[in-house]
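This report refers to the structure that appears directly beneath it.
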Amino acid sequence: MNHDPQRYNDHRRFRAPGTKRSAGARLVGLALLVGCASSAGCTTFEERRAKAELHWNQVRSGMKLQLAAQQYQRGQLHAAIATAEEAVATDNTSVEAYLLLARCRLEQGQVASARRAVQQARGCAPGSSEVEYLLGLIEEQSDRLDDALTHYRRARQWNGDTVDYVLAEAECLAALGRAEEARELVTDKMGRFDSDGTLELLLAQINILLGDSKEALSYMSIALDRSGCGMPSAHDTDGCAGVVEQYGRMLSEAGRHVEAIGLLRPYVAAHDEPSLSVVTALCSSYLATGQASPVRDMLRERLRQGENHPRCWMLLARASIMFGDWTTARRCVDHLASRRAPIANRSAQPHLLRGFVCWKQDDPVEAEASLRRALSIDPRDTLAHCLMGQLVEEDQRLAAEAHYRAALEIDPNCAWARYLLGMPDLEPSSGFDEAVAESVPEEPLETASALGGGLPFP
């Protein structure tokens, strides 16, 4: 074999005699040998070296991407962004690195930067469903729901086996007021996935939008069962708390109070600070089943802790009326009807309740003032008319009858007006105390902040 010294020297020029090759150089050399062994396209040394360096850069980029993903999972967004940027600097064809960078930017609220990163990923992979999905997230965050829907639908059409794409498209349809289409989409695609309750939960929420409470409750029950959230031991796990709370509220609002109590009582007992909506839902169900004592205990404690939502005061007033505790009831209604409570300026309920409580406390002057205020806000409040009639009946029978007849004109089937006018054909189904207490609407009336500070409850 002929020895060619020049060829030998050509190979040696990449490192000085006696020096060791770095780990990176060894890997480049190994990649070069492997690449040339598996490809007939390596015709020159420079081409082989370029391919080896490209492969090594991709390996380095992948390692950085893995680190960036770990940082992202730990919530270290700044570190994840820096590492992801190093990954794309090393390999500017890494779609995954661009997408991770976009997710980080999106969580930081940097929509424009996120959009640029996704567009760069799209340039590398024009047919990527994940790219379309992220573009949908960006458009949705920018309040361009029609554009978001286009991207979500494209992602789902390109990859129908990813449940997140179906969820995103359905949620976007619902947000656009196209809830029926959303329901059809989810119902049609449910069979493709092993259900963990996610799709059923979405269907429950869509049916709420459509006003179909029966179907909503049915799907919510299935979601609770399939997600495993129905077990008390699972109530604190990620995602379960929200499902339990929503289902409990829905049961209470649907009048299924025994079920609501069965679900929410252990949930509230296991949490130091359960949400106000859950507490009030449980209290509403307690009152509907005639249980005033636990309501008084729970709400007095919430008010001691500084809670000031009018729903708490309303429910405590109702419980106190049922319990015959007129002192506590008076304090609640005085607070609700005070001038500094904005609810007093637009709802007749606080004044109706206060008028009733003052009447029961033999305070006719304050009772009449509150009832007149209630009727000035809502002249069609039949209970306010009936209560005003009873208040003045002893001295002003004609005025009392005028109020009863006014109630009948508003509602010809008003049982209390007919009864007070001496029409025994329709007996009231409950006592007047219960009728007034139950007249309080079930929906929350105001945000806590609107009251501007509360009264500590003794």
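Each chain of the structure tokens is named A, B, ... in the order shown, its residues numbered from 1; ligands are numbered from 1 in display order.
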
Within 8 Å of Leu217 (chain A) using only C-alpha atoms, minus same-chain residues under 3 positions, as a ChimeraX atom specification: /A:204,213-214,220-221,247,250-251

Quick one: write out the picked residues with N, CA and C atoms as a PDB file, in the first residue's frame?
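Listed below is the output, result28.pdb:
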```
ATOM      1  N   ALA A 204     -71.704  19.419  30.106  1.00  0.00           N
ATOM      2  CA  ALA A 204     -72.545  19.964  31.172  1.00  0.00           C
ATOM      3  C   ALA A 204     -72.573  21.484  31.101  1.00  0.00           C
ATOM      4  N   SER A 213     -80.964  22.275  32.025  1.00  0.00           N
ATOM      5  CA  SER A 213     -80.377  21.918  33.317  1.00  0.00           C
ATOM      6  C   SER A 213     -80.417  20.414  33.574  1.00  0.00           C
ATOM      7  N   LYS A 214     -81.427  19.739  33.046  1.00  0.00           N
ATOM      8  CA  LYS A 214     -81.521  18.292  33.255  1.00  0.00           C
ATOM      9  C   LYS A 214     -80.337  17.572  32.618  1.00  0.00           C
ATOM     10  N   MET A 220     -72.842  16.227  34.342  1.00  0.00           N
ATOM     11  CA  MET A 220     -71.992  16.561  35.478  1.00  0.00           C
ATOM     12  C   MET A 220     -71.841  15.356  36.400  1.00  0.00           C
ATOM     13  N   SER A 221     -72.905  14.600  36.564  1.00  0.00           N
ATOM     14  CA  SER A 221     -72.841  13.395  37.386  1.00  0.00           C
ATOM     15  C   SER A 221     -71.871  12.383  36.790  1.00  0.00           C
ATOM     16  N   TYR A 247     -70.887  21.112  40.543  1.00  0.00           N
ATOM     17  CA  TYR A 247     -71.982  20.152  40.608  1.00  0.00           C
ATOM     18  C   TYR A 247     -72.858  20.421  41.833  1.00  0.00           C
ATOM     19  N   MET A 250     -75.051  23.368  41.134  1.00  0.00           N
ATOM     20  CA  MET A 250     -76.110  23.007  40.187  1.00  0.00           C
ATOM     21  C   MET A 250     -77.209  22.196  40.860  1.00  0.00           C
ATOM     22  N   LEU A 251     -76.831  21.265  41.731  1.00  0.00           N
ATOM     23  CA  LEU A 251     -77.841  20.479  42.446  1.00  0.00           C
ATOM     24  C   LEU A 251     -78.712  21.384  43.311  1.00  0.00           C
TER      25      LEU A 251
END
```

Which one is closest to Ala223 (chain A): A:Leu201, A:Ala241, A:Leu101, A:Leu303? Count only C-alpha atoms.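 The answer is A:Leu201, which sits nearest to Ala223 (chain A).
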
Can you pull out the residues contacting region 180-191 of chain A? Cut-off 9 Å, using only C-alpha atoms, and skip same-chain residues under 3 positions away; I want them as a PDB file with N, CA and C atoms, in the first residue's frame.
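Below is the file around-v4.pdb, written as the result:
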```
ATOM      1  N   GLY A 160     -57.228  14.419  14.674  1.00  0.00           N
ATOM      2  CA  GLY A 160     -58.482  14.210  15.385  1.00  0.00           C
ATOM      3  C   GLY A 160     -58.358  13.364  16.621  1.00  0.00           C
ATOM      4  N   VAL A 163     -57.610  15.254  22.262  1.00  0.00           N
ATOM      5  CA  VAL A 163     -58.835  15.756  22.874  1.00  0.00           C
ATOM      6  C   VAL A 163     -58.779  17.265  23.117  1.00  0.00           C
ATOM      7  N   VAL A 166     -60.376  19.214  20.290  1.00  0.00           N
ATOM      8  CA  VAL A 166     -61.838  19.172  20.307  1.00  0.00           C
ATOM      9  C   VAL A 166     -62.379  20.116  21.380  1.00  0.00           C
ATOM     10  N   LEU A 167     -61.765  20.069  22.562  1.00  0.00           N
ATOM     11  CA  LEU A 167     -62.187  20.950  23.652  1.00  0.00           C
ATOM     12  C   LEU A 167     -62.056  22.415  23.268  1.00  0.00           C
ATOM     13  N   GLU A 169     -61.953  23.824  20.264  1.00  0.00           N
ATOM     14  CA  GLU A 169     -62.906  24.233  19.231  1.00  0.00           C
ATOM     15  C   GLU A 169     -64.309  24.390  19.822  1.00  0.00           C
ATOM     16  N   ALA A 170     -64.720  23.445  20.673  1.00  0.00           N
ATOM     17  CA  ALA A 170     -66.057  23.512  21.268  1.00  0.00           C
ATOM     18  C   ALA A 170     -66.195  24.723  22.188  1.00  0.00           C
ATOM     19  N   GLU A 171     -65.177  24.981  22.997  1.00  0.00           N
ATOM     20  CA  GLU A 171     -65.231  26.132  23.901  1.00  0.00           C
ATOM     21  C   GLU A 171     -65.286  27.433  23.119  1.00  0.00           C
ATOM     22  N   CYS A 172     -64.573  27.481  22.011  1.00  0.00           N
ATOM     23  CA  CYS A 172     -64.575  28.688  21.186  1.00  0.00           C
ATOM     24  C   CYS A 172     -65.949  28.887  20.536  1.00  0.00           C
ATOM     25  N   LEU A 173     -66.547  27.802  20.058  1.00  0.00           N
ATOM     26  CA  LEU A 173     -67.893  27.886  19.489  1.00  0.00           C
ATOM     27  C   LEU A 173     -68.881  28.408  20.534  1.00  0.00           C
ATOM     28  N   ALA A 174     -68.782  27.896  21.754  1.00  0.00           N
ATOM     29  CA  ALA A 174     -69.680  28.338  22.811  1.00  0.00           C
ATOM     30  C   ALA A 174     -69.483  29.815  23.124  1.00  0.00           C
ATOM     31  N   GLY A 177     -71.255  32.140  20.916  1.00  0.00           N
ATOM     32  CA  GLY A 177     -72.704  32.046  20.942  1.00  0.00           C
ATOM     33  C   GLY A 177     -73.262  30.918  20.094  1.00  0.00           C
ATOM     34  N   ASP A 194     -60.927   7.829  25.365  1.00  0.00           N
ATOM     35  CA  ASP A 194     -61.186   7.209  26.658  1.00  0.00           C
ATOM     36  C   ASP A 194     -61.555   8.329  27.626  1.00  0.00           C
ATOM     37  N   SER A 195     -62.770   8.300  28.115  1.00  0.00           N
ATOM     38  CA  SER A 195     -63.270   9.439  28.876  1.00  0.00           C
ATOM     39  C   SER A 195     -62.719   9.468  30.291  1.00  0.00           C
ATOM     40  N   LEU A 199     -64.731  15.680  28.773  1.00  0.00           N
ATOM     41  CA  LEU A 199     -65.719  16.015  27.753  1.00  0.00           C
ATOM     42  C   LEU A 199     -67.119  16.101  28.356  1.00  0.00           C
ATOM     43  N   GLU A 200     -67.411  15.241  29.324  1.00  0.00           N
ATOM     44  CA  GLU A 200     -68.721  15.303  29.968  1.00  0.00           C
ATOM     45  C   GLU A 200     -68.889  16.618  30.740  1.00  0.00           C
ATOM     46  N   LEU A 202     -67.472  19.450  29.969  1.00  0.00           N
ATOM     47  CA  LEU A 202     -67.708  20.493  28.971  1.00  0.00           C
ATOM     48  C   LEU A 202     -69.146  20.433  28.469  1.00  0.00           C
ATOM     49  N   LEU A 203     -69.666  19.230  28.232  1.00  0.00           N
ATOM     50  CA  LEU A 203     -71.052  19.103  27.787  1.00  0.00           C
ATOM     51  C   LEU A 203     -72.020  19.642  28.841  1.00  0.00           C
ATOM     52  N   ILE A 206     -71.927  23.381  28.495  1.00  0.00           N
ATOM     53  CA  ILE A 206     -72.617  23.809  27.273  1.00  0.00           C
ATOM     54  C   ILE A 206     -74.124  23.720  27.459  1.00  0.00           C
ATOM     55  N   ASN A 207     -74.588  22.659  28.103  1.00  0.00           N
ATOM     56  CA  ASN A 207     -76.027  22.515  28.330  1.00  0.00           C
ATOM     57  C   ASN A 207     -76.555  23.578  29.289  1.00  0.00           C
ATOM     58  N   LEU A 210     -77.263  26.414  27.182  1.00  0.00           N
ATOM     59  CA  LEU A 210     -78.461  26.174  26.379  1.00  0.00           C
ATOM     60  C   LEU A 210     -79.727  26.112  27.233  1.00  0.00           C
TER      61      LEU A 210
END
```
